[in-house]
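Peer 1: One structure, pasted below without further comment.
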Protein chains: 4
Amino acid sequence: MPGNTFGSMFRVTTWGESHGPALGAVVDGCPPGLTLTADDIDSELAWRRSRDDRVSTSRREPDQVEILSGVFEDRTTGTPISMIIHNRDVVSSAYADLKDLFRPGHADYTYWHKYGIRDWRGGGRASGRETVARVAAGAVAKKLLEQEGIKILAYTLALGGVKAQKLNFEAIHDNSLFCPDPDTVPKMLARLQEVKAAGDSVGGIVEIRAQGCPAGLGEPVFAKLDAMVASALMGIGAVKGVEIGSGFAATAMLGSEHNDALTPSGFLSNNAGGILGGISNGEEIVARVAVKPIPSIEREQQTIKASGDPTTLSVKGRHDVSAIPRIVPVCGAMVRLVLADMLMQQRAIR
Amino acid sequence: MPGNTFGSMFRVTTWGESHGPALGAVVDGCPPGLTLTADDIDSELAWRRSRDDRVSTSRREPDQVEILSGVFEDRTTGTPISMIIHNRDVVSSAYADLKDLFRPGHADYTYWHKYGIRDWRGGGRASGRETVARVAAGAVAKKLLEQEGIKILAYTLALGGVKAQKLNFEAIHDNSLFCPDPDTVPKMLARLQEVKAAGDSVGGIVEIRAQGCPAGLGEPVFAKLDAMVASALMGIGAVKGVEIGSGFAATAMLGSEHNDALTPSGFLSNNAGGILGGISNGEEIVARVAVKPIPSIEREQQTIKASGDPTTLSVKGRHDVSAIPRIVPVCGAMVRLVLADMLMQQRAIR
Amino acid sequence: MPGNTFGSMFRVTTWGESHGPALGAVVDGCPPGLTLTADDIDSELAWRRSRDDRVSTSRREPDQVEILSGVFEDRTTGTPISMIIHNRDVVSSAYADLKDLFRPGHADYTYWHKYGIRDWRGGGRASGRETVARVAAGAVAKKLLEQEGIKILAYTLALGGVKAQKLNFEAIHDNSLFCPDPDTVPKMLARLQEVKAAGDSVGGIVEIRAQGCPAGLGEPVFAKLDAMVASALMGIGAVKGVEIGSGFAATAMLGSEHNDALTPSGFLSNNAGGILGGISNGEEIVARVAVKPIPSIEREQQTIKASGDPTTLSVKGRHDVSAIPRIVPVCGAMVRLVLADMLMQQRAIR
Amino acid sequence: MPGNTFGSMFRVTTWGESHGPALGAVVDGCPPGLTLTADDIDSELAWRRSRDDRVSTSRREPDQVEILSGVFEDRTTGTPISMIIHNRDVVSSAYADLKDLFRPGHADYTYWHKYGIRDWRGGGRASGRETVARVAAGAVAKKLLEQEGIKILAYTLALGGVKAQKLNFEAIHDNSLFCPDPDTVPKMLARLQEVKAAGDSVGGIVEIRAQGCPAGLGEPVFAKLDAMVASALMGIGAVKGVEIGSGFAATAMLGSEHNDALTPSGFLSNNAGGILGGISNGEEIVARVAVKPIPSIEREQQTIKASGDPTTLSVKGRHDVSAIPRIVPVCGAMVRLVLADMLMQQRAIR
């Protein structure tokens with residue numbers, strides 16, 4: 001199956017290139033009767049938009065969705081919800097230089113080998129711009145999850161090596177980095193400025209939590225909830241790792257430390273990250289994502305042309321220093337898609 | 001879609017409980033004309049079997065597959081390959097004590113909440129025993145990959161906090177732990193003995209490499225190769241994290257460090273782990289998996305009964321101290337399934 | 001996707017060749033808590049078995065299923081239900097003559113072109129024997145449908161040109177042909193004897209009704225309930241046509257005749273066959289199936305060898321004169337699979 | 001899985017309501033490198049458009065597609081092809097009368113029961129207007145099939161009880177009814193006028209042929225080529241039956257008549273309709289479709305309101321007298337989608 005559809009009951013198909021006329025998503029299987037307006041989606045898209053031009057991006061994208069189907073009188077009808085987001089401020093000419101070479105760390109080289117043809121304008125389908133459609137779809141899933149009392153938090157745990165020291169979830173949306181530790185924000189911003197000045201880039205760690213998720217979601221054995229979350233998050237460009245609960249730290253723990261003891265009033269710890277045997281256990285679902293540094297940097301790099309000849313590249317023009325913070329709402333959206341799907345699947349069996 | 005099927009063109013459905021009469025896998029979509037015998041599968045199953053009773057398990061499972069369909073005169077026919085592995089040496093009575101309580105760290109609690117009913121005998125479908133069907137299916141995929149010159153390595157990178165210091169791939173199958181560093185093996189074994197004596201358990205890290213994989217495999221944007229690998233590996237019980245290439249280390253690197261420079265003779269490094277934009281780039285594919293400690297331990301733990309009342313549990317009888325080494329061939333099998341599927345999908349488009 | 005899996009939430013994968021050791025089905029997604037025993041399945045398999053050796057078949061198949069997983073203490077657990085039916089009385093040598101030629105009307109020729117290899121023993125996967133697995137899976141679906149008050153009837157409407165004149169559903173299981181018109185049975189049997197004596201074969205028409213089906217099942221626009229029923233029935237070997245409700249007769253009717261008028265007490269007619277816009281309307285669902293004559297006949301036919309050289313063929317030995325009545329329970333089983341799937345899908349959205 | 005996606009490797013998702021702003025299709029999995037322009041699609045859409053206002057429709061729809069993604073410099077890139085067709089000339093107010101009642105023969109009643117909400121404007125998603133997206137997707141499939149030398153013919157075999165007496169494929173596009181028998185066209189048109197004058201409607205039979213299709217397409221056992229064709233065609237609104245080759249006529253034939261004899265120069269007949277055992281045999285694939293009379297008629301009919309109270313309905317305003325000829329290109333498009341999908345699946349296995 002081609003890879004632009006996600007989910008089986010709550011099912012999203014996305015399309016669009018960074019420098020084409022538009023991008024979009026079709027959500028098929030959304031239950032009928034949910035209230036849904038363009039504003040519900042635009043407000044999510046706004047989080048993905050850069051809010052601090054100094055550090056994030058110089059590209060302005062006042063994204064606005066148009067809902068083309070599946071909603072009647074502000075309620076979902078059960079038919080496919082088609083959403084379109086037009087590309088504005090598209091300057092393909094800036095990419096003409098990149099037409100005949102492969103940018104290190106980018107998908108140029110692999111798209112070429114896969115398809116024998118590529119849309120070289122700004123990454124085409126492999127651009128981070130693609131995620132706008134995921135966020136739009138996630139905004140629809142959010143409506144379903146809200147109805148069930150499920151809430152998703154996504155935030156920056158580390159950026160450029162600087163780590164948040166505490167988790168104050170109230171603070172996440174008060175700063176441009178979605179950082180839950182207000183005291184760490186200035187350090188992260190300073191790190192970004194420093195890296196930007198050096199013509200370089202950095203990555204970081206995003207953490208996602210699902211609160212209020214009932215026990216019983218997830219389909220053993222291959223479509224386990226953690227497997228689906230891993231697929232959802234690893235499928236975001238720039239992500240190189242996914243952990244659930246204790247994650248890699250578990251590899252050095254004893255069983256007696258790692259097991260979450262059960263008591264009549266609930267689990268005493270959450271090393272499981274809310275998932276046991278691939279099924280939610282009613283605790284908070286906790287996932288972490290490793291984000292690599294953005295590959296487009298001003299510092300000169302070795303690469304090759306499409307002809308195979310060696311060349312060097314220094315990427316100038318507008319680009320982010322880090323995929324964080326823009327990737328944060330994308331991570332949240334992907335977890336929402338997984339949970340909406342699993343929720344509907346569970347409804348089917350009981 | 002229920003979760004017991006994996007893959008879309010090379011498609012595996014598994015079934016079976018740890019204490020039922022048998023487990024099995026149906027491989028649908030396997031190309032015709034591959035040579036395949038029960039021996040091809042049994043030899044893979046043998047790697048999964050315990051080879052060192054002192055440290056691994058006391059349960060003897062001389063697993064032998066029976067191929068029931070899809071193979072004629074030792075060649076695959078293109079029709080579904082049904083494989084069955086009978087359970088032997090099954091003692092359900094040992095689990096009678098566990099019938100009415102939930103074991104910490106196990107799926108007992110979540111199966112109960114998901115289905116409202118559970119087969120309490122030894123974990124039922126959530127038992128590690130389930131992976132025997134994955135390994136059988138992976139053995140079929142191996143035949144297809146071999147034809148294409150693709151080879152999978154899977155080995156133990158760390159166990160109970162003890163790490164391999166070098167990677168000598170020749171040595172992997174020379175020791176009971178699938179460790180590529182012979183000098184570390186005695187330390188790992190000592191650690192296992194120590195933990196066993198304490199009635200406890202440990203986890204570790206498994207690394208998987210795919211060699212000889214052509215560029216171009218993987219389906220953007222959701223079914224990226226890394227997303228499918230992450231799903232495949234996170235879907236194995238006991239796995240809490242998956243990394244590709246640089247993984248979580250990427251989060252503290254600069255873009256200029258992380259980008260793999262391209263030269264006429266290939267990439268100069270492999271932080272990408274062989275995958276760019278979700279598509280293989282022709283380099284070695286490298287994935288790592290975080291394995292949690294086995295939850296069944298002799299040390300007493302707090303838990304609750306099905307009734308909700310508190311109780312304590314000390315798991316006695318035969319059980320492993322670590323999912324490693326038995327999980328190692330399972331990881332290899334899952335990556336094989338992903339690559340066989342992606343290979344066939346790529347054939348379809350070009 | 002390879003074609004041996006049917007359904008998306010109630011999901012069946014079948015495997016097995018007519019002359020292999022066994023055939024089977026894996027039902028994934030069956031809701032937990034249904035009572036299910038081997039007897040429930042064997043009783044359905046018995047209907048598929050020949051009950052009148054004079055006219056139907058000389059092959060005795062006392063089919064007995066073994067349930068290998070997914071059922072615990074006679075209740076489904078929500079995990080995959082694996083069922084195996086062993087082949088007995090298999091005489092491959094009878095087919096040795098057919099090894100190097102293509103039988104007219106059979107799949108020999110097309111399997112050869114598709115796969116480049118074939119299991120020539122008795123049709124292999126393309127044998128009518130394959131349907132035993134469908135009937136087993138349908139027996140599981142039946143348990144779910146019974147819980148919802150849905151009942152399936154399948155019966156012979158015409159055989160060898162002889163048509164039932166009335167529909168007495170009580171009589172269906174009182175005769176060896178599943179004919180709802182007892183007075184027509186002797187004529188049908190006479191027709192079969194006549195054709196058998198001539199070394200020839202005949203087809204007929206099977207009708208299937210689903211009673212008690214609630215309004216609202218079926219997924220527009222491609223997975224309409226009638227589309228899924230058509231796929232399910234046309235996918236049975238020997239079927240050349242499928243009709244819903246008025247079917248081909250509708251092509252010569254006026255809209256004013258065809259529309260089923262709606263009144264406060266229900267529809268006044270059922271030309272729709274219980275399906276409007278691809279969704280069940282609460283009336284009886286009615287489908288008809290065109291069954292071609294069995295291709296294996298004693299009368300000599302022109303054909304070619306695998307080498308391409310011309311030859312002639314007269315099929316001797318045990319074979320049926322008509323796919324009816326054995327195909328009748330298969331048609332019922334397939335409609336059950338569709339409805340079980342659609343029922344679960346509908347549960348997911350509301 | 002929700003029902004708005006068709007195909008597994010060549011995969012189409014459609015969306016849109018008859019009176020919403022637009023309809024569209026996303027084609028995922030289309031091979032890269034095919035030439036494709038909006039003109040290629042518009043020319044197919046034009047066939048679906050009414051070309052004879054007297055008999056067909058009074059609604060003018062100068063449909064023009066906009067390709068939003070997946071095509072770069074007039075060639076497909078392998079990424080999703082998003083196509084949008086804007087609705088023009090939409091007058092929802094004409095449907096205000098229908099808001100609170102269920103039209104006989106329409107999906108109003110069933111959508112209401114399925115979703116508990118409906119877009120009552122002109123049928124919403126259940127309108128014939130939906131098929132514009134199918135035709136657009138079929139136009140993409142056509143490019144792939146042309147590359148392989150496969151050609152699809154679709155034509156009117158019978159209309160309102162008037163049957164074509166000969167098959168002159170050259171003549172199909174020379175008349176407004178897609179009738180292969182020019183001498184029958186005036187009789188069909190007269191029948192349409194007569195029915196229109198009576199405020200009534202009629203159906204008919206459409207035949208579809210695929211020429212140049214190689215042997216080997218189709219996936220046994222559930223996704224047989226004929227099963228997929230049946231699903232594709234029965235999933236079109238107004239279709240009540242599907243036949244392959246001999247179809248229902250087979251039910252009264254002898255095996256010796258029905259079997260297509262094989263000779264070194266090919267099959268001597270084509271009762272199989274080009275499909276044996278669910279796999280193409282290299283002959284022409286032949287399918288026929290039963291089209292019911294259009295349910296919207298001026299003649300007064302009994303029906304009920306949403307409240308359940310009885311009422312009567314006479315549908316005035318613009319509407320077709322028959323789904324033929326507009327359904328003819330839709331049938332062709334659906335068969336193209338099936339063959340493109342099956343072609344790609346076959347590439348994957350060999």
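Residue numbering restarts at 1 in every chain; chains get A, B, ... in the order shown in the structure tokens, and ligands count up from 1 in that same order.
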Based on DSSP run over this structure's backbone, return all residues of range 74-151 of chain B in helix (DSSP H, G or I), as number ranges by chain.
Peer 2: B: 92-98, 108-115, 121-126, 128-147
Peer 1: Counting only C-alpha atoms, a student should be able to say which residues of chain D come within 6 Å of chain A; what is the right answer, written as a ChimeraX atom specification?
Peer 2: /D:1-2,8-9,15-16,21,29,32,68-69,80,115
Peer 1: Would you pick out the contacts of range 198-202 of chain B at 9 Å or less, using only C-alpha atoms, so that residues sharing its chain but fewer than 6 positions from it are not included, and give the list as a list in words?
Peer 2: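 Close residues of range 198-202 of chain B: Ala250, Thr251, Ala252, Met253, Leu254, Gly255 and Ser256 of chain A; Leu159, Gly160, Gly161, Leu192, Val291, Lys292, Pro293, Ile294, Pro295, Ser296, Ile297, Glu298, Arg299, Asp320, Val321, Ser322, Ala323 and Ile324 of chain B.
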Peer 1: Please list as a PyMOL selection string every residue within 10 Å of Ser307 in chain C, counting only C-alpha atoms and excluding residues in the same chain fewer than 4 positions away.
Peer 2: (chain C and resi 100-101) or (chain D and resi 264)
Peer 1: Could you tell me how far CA of Ala261 in chain B lies from CA of Asp108 in chain A, in Å and to one decimal?
Peer 2: 13.2 Å
Peer 1: Could you please determine the separation between CA of Val328 in chain B and CA of Ala227 in chain B in Å, to one decimal place?
Peer 2: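 One can read the CA of Val328 in chain B to CA of Ala227 in chain B distance as 19.7 Å.
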Peer 1: Would you mind listing what lies within 10 Å of Leu98 in chain B as a PDB file with all heavy atoms, in the first residue's frame, with only C-alpha atoms counted and same-chain residues fewer than 4 positions away left out?
Peer 2:
ATOM      1  N   SER B  93      -1.154 -25.822  34.544  1.00  0.00           N
ATOM      2  CA  SER B  93      -1.467 -25.815  35.973  1.00  0.00           C
ATOM      3  C   SER B  93      -0.546 -24.876  36.738  1.00  0.00           C
ATOM      4  O   SER B  93      -0.935 -24.297  37.750  1.00  0.00           O
ATOM      5  CB  SER B  93      -1.370 -27.233  36.531  1.00  0.00           C
ATOM      6  OG  SER B  93      -0.054 -27.728  36.311  1.00  0.00           O
ATOM      7  N   ALA B  94       0.686 -24.698  36.212  1.00  0.00           N
ATOM      8  CA  ALA B  94       1.632 -23.807  36.873  1.00  0.00           C
ATOM      9  C   ALA B  94       1.104 -22.392  36.941  1.00  0.00           C
ATOM     10  O   ALA B  94       1.569 -21.574  37.727  1.00  0.00           O
ATOM     11  CB  ALA B  94       2.979 -23.824  36.133  1.00  0.00           C
ATOM     12  N   PHE B 102      -3.451  -9.945  38.622  1.00  0.00           N
ATOM     13  CA  PHE B 102      -2.760  -9.311  37.503  1.00  0.00           C
ATOM     14  C   PHE B 102      -1.274  -9.222  37.812  1.00  0.00           C
ATOM     15  O   PHE B 102      -0.892  -8.645  38.841  1.00  0.00           O
ATOM     16  CB  PHE B 102      -3.322  -7.910  37.263  1.00  0.00           C
ATOM     17  CG  PHE B 102      -4.792  -7.891  36.959  1.00  0.00           C
ATOM     18  CD1 PHE B 102      -5.675  -7.151  37.733  1.00  0.00           C
ATOM     19  CD2 PHE B 102      -5.299  -8.615  35.883  1.00  0.00           C
ATOM     20  CE1 PHE B 102      -7.040  -7.134  37.445  1.00  0.00           C
ATOM     21  CE2 PHE B 102      -6.665  -8.598  35.597  1.00  0.00           C
ATOM     22  CZ  PHE B 102      -7.531  -7.859  36.377  1.00  0.00           C
ATOM     23  N   ARG B 103      -0.436  -9.774  36.966  1.00  0.00           N
ATOM     24  CA  ARG B 103       1.002  -9.718  37.202  1.00  0.00           C
ATOM     25  C   ARG B 103       1.545  -8.344  36.796  1.00  0.00           C
ATOM     26  O   ARG B 103       1.315  -7.909  35.667  1.00  0.00           O
ATOM     27  CB  ARG B 103       1.708 -10.812  36.396  1.00  0.00           C
ATOM     28  CG  ARG B 103       1.380 -12.231  36.853  1.00  0.00           C
ATOM     29  CD  ARG B 103       1.904 -13.255  35.863  1.00  0.00           C
ATOM     30  NE  ARG B 103       1.226 -13.116  34.567  1.00  0.00           N
ATOM     31  CZ  ARG B 103       1.661 -13.623  33.433  1.00  0.00           C
ATOM     32  NH1 ARG B 103       2.793 -14.306  33.398  1.00  0.00           N
ATOM     33  NH2 ARG B 103       0.986 -13.452  32.332  1.00  0.00           N
ATOM     34  N   ASP B 108      -1.731  -8.831  31.539  1.00  0.00           N
ATOM     35  CA  ASP B 108      -2.947  -9.401  32.148  1.00  0.00           C
ATOM     36  C   ASP B 108      -4.026  -8.337  32.340  1.00  0.00           C
ATOM     37  O   ASP B 108      -5.184  -8.519  31.994  1.00  0.00           O
ATOM     38  CB  ASP B 108      -2.626  -9.987  33.535  1.00  0.00           C
ATOM     39  CG  ASP B 108      -1.529 -11.028  33.493  1.00  0.00           C
ATOM     40  OD1 ASP B 108      -1.244 -11.560  32.403  1.00  0.00           O
ATOM     41  OD2 ASP B 108      -0.939 -11.291  34.559  1.00  0.00           O
ATOM     42  N   TRP B 120      -5.674 -16.887  30.792  1.00  0.00           N
ATOM     43  CA  TRP B 120      -4.663 -16.565  31.820  1.00  0.00           C
ATOM     44  C   TRP B 120      -3.482 -17.526  31.831  1.00  0.00           C
ATOM     45  O   TRP B 120      -2.543 -17.364  32.597  1.00  0.00           O
ATOM     46  CB  TRP B 120      -5.329 -16.543  33.202  1.00  0.00           C
ATOM     47  CG  TRP B 120      -6.252 -17.720  33.419  1.00  0.00           C
ATOM     48  CD1 TRP B 120      -7.602 -17.705  33.253  1.00  0.00           C
ATOM     49  CD2 TRP B 120      -5.900 -19.051  33.784  1.00  0.00           C
ATOM     50  NE1 TRP B 120      -8.118 -18.953  33.491  1.00  0.00           N
ATOM     51  CE2 TRP B 120      -7.097 -19.802  33.826  1.00  0.00           C
ATOM     52  CE3 TRP B 120      -4.696 -19.697  34.085  1.00  0.00           C
ATOM     53  CZ2 TRP B 120      -7.111 -21.165  34.130  1.00  0.00           C
ATOM     54  CZ3 TRP B 120      -4.709 -21.046  34.387  1.00  0.00           C
ATOM     55  CH2 TRP B 120      -5.910 -21.767  34.405  1.00  0.00           C
ATOM     56  N   ARG B 121      -3.548 -18.530  30.967  1.00  0.00           N
ATOM     57  CA  ARG B 121      -2.484 -19.543  31.015  1.00  0.00           C
ATOM     58  C   ARG B 121      -1.194 -19.023  30.392  1.00  0.00           C
ATOM     59  O   ARG B 121      -1.025 -19.007  29.184  1.00  0.00           O
ATOM     60  CB  ARG B 121      -2.937 -20.788  30.267  1.00  0.00           C
ATOM     61  CG  ARG B 121      -4.190 -21.434  30.838  1.00  0.00           C
ATOM     62  CD  ARG B 121      -4.751 -22.427  29.838  1.00  0.00           C
ATOM     63  NE  ARG B 121      -4.998 -21.793  28.543  1.00  0.00           N
ATOM     64  CZ  ARG B 121      -5.243 -22.440  27.422  1.00  0.00           C
ATOM     65  NH1 ARG B 121      -5.271 -23.755  27.422  1.00  0.00           N
ATOM     66  NH2 ARG B 121      -5.447 -21.785  26.304  1.00  0.00           N
ATOM     67  N   GLY B 122      -0.306 -18.540  31.199  1.00  0.00           N
ATOM     68  CA  GLY B 122       1.026 -18.166  30.717  1.00  0.00           C
ATOM     69  C   GLY B 122       1.064 -16.965  29.809  1.00  0.00           C
ATOM     70  O   GLY B 122       1.943 -16.844  28.975  1.00  0.00           O
ATOM     71  N   GLY B 123       0.111 -16.088  29.948  1.00  0.00           N
ATOM     72  CA  GLY B 123       0.166 -14.875  29.141  1.00  0.00           C
ATOM     73  C   GLY B 123      -0.685 -14.965  27.899  1.00  0.00           C
ATOM     74  O   GLY B 123      -0.960 -13.980  27.248  1.00  0.00           O
ATOM     75  N   LYS B 305      -5.730  -8.351  42.829  1.00  0.00           N
ATOM     76  CA  LYS B 305      -6.488  -9.443  42.265  1.00  0.00           C
ATOM     77  C   LYS B 305      -7.499  -8.896  41.245  1.00  0.00           C
ATOM     78  O   LYS B 305      -7.743  -7.682  41.196  1.00  0.00           O
ATOM     79  CB  LYS B 305      -7.243 -10.179  43.376  1.00  0.00           C
ATOM     80  CG  LYS B 305      -6.339 -10.797  44.425  1.00  0.00           C
ATOM     81  CD  LYS B 305      -7.175 -11.509  45.480  1.00  0.00           C
ATOM     82  CE  LYS B 305      -6.283 -11.996  46.620  1.00  0.00           C
ATOM     83  NZ  LYS B 305      -7.062 -12.593  47.713  1.00  0.00           N
ATOM     84  N   ALA B 306      -8.076  -9.796  40.496  1.00  0.00           N
ATOM     85  CA  ALA B 306      -9.126  -9.394  39.563  1.00  0.00           C
ATOM     86  C   ALA B 306     -10.268  -8.725  40.323  1.00  0.00           C
ATOM     87  O   ALA B 306     -10.955  -7.837  39.808  1.00  0.00           O
ATOM     88  CB  ALA B 306      -9.641 -10.599  38.792  1.00  0.00           C
ATOM     89  N   LEU B 313       2.901 -10.930  44.928  1.00  0.00           N
ATOM     90  CA  LEU B 313       3.203 -11.966  43.952  1.00  0.00           C
ATOM     91  C   LEU B 313       4.704 -12.214  43.894  1.00  0.00           C
ATOM     92  O   LEU B 313       5.502 -11.280  43.830  1.00  0.00           O
ATOM     93  CB  LEU B 313       2.709 -11.530  42.564  1.00  0.00           C
ATOM     94  CG  LEU B 313       3.102 -12.428  41.393  1.00  0.00           C
ATOM     95  CD1 LEU B 313       2.377 -13.773  41.459  1.00  0.00           C
ATOM     96  CD2 LEU B 313       2.793 -11.736  40.075  1.00  0.00           C
ATOM     97  N   VAL B 315       6.837 -14.657  41.390  1.00  0.00           N
ATOM     98  CA  VAL B 315       6.700 -15.620  40.297  1.00  0.00           C
ATOM     99  C   VAL B 315       7.785 -16.680  40.392  1.00  0.00           C
ATOM    100  O   VAL B 315       8.968 -16.371  40.274  1.00  0.00           O
ATOM    101  CB  VAL B 315       6.755 -14.935  38.921  1.00  0.00           C
ATOM    102  CG1 VAL B 315       6.527 -15.955  37.818  1.00  0.00           C
ATOM    103  CG2 VAL B 315       5.725 -13.818  38.848  1.00  0.00           C
TER     104      VAL B 315
END
Peer 1: For range 139-155 of chain D, work out the shell of residues within 9 Å, counting only C-alpha atoms and skipping chain neighbours fewer than 2 positions away, then give it as a ChimeraX atom specification.
Peer 2: /D:10,27,30-31,34-36,40-45,81,134-137,157,169,172-173,177-180,205-214,325,328-333,335-341,343
Peer 1: Enumerate, as an NGL selection string, the complete set of residues in range 67-236 of chain C that a backbone-based DSSP assignment places in strand (DSSP E).
Peer 2: :C and (67 or 71-72 or 75-76 or 81-86 or 151-159 or 162-163 or 204-211)
Peer 1: For a quick check of understanding, using only C-alpha atoms, which of C:Asp74, C:Asp63, C:Asp97, C:Asp174 has the smallest distance to Ala133 in chain C?
Peer 2: C:Asp63
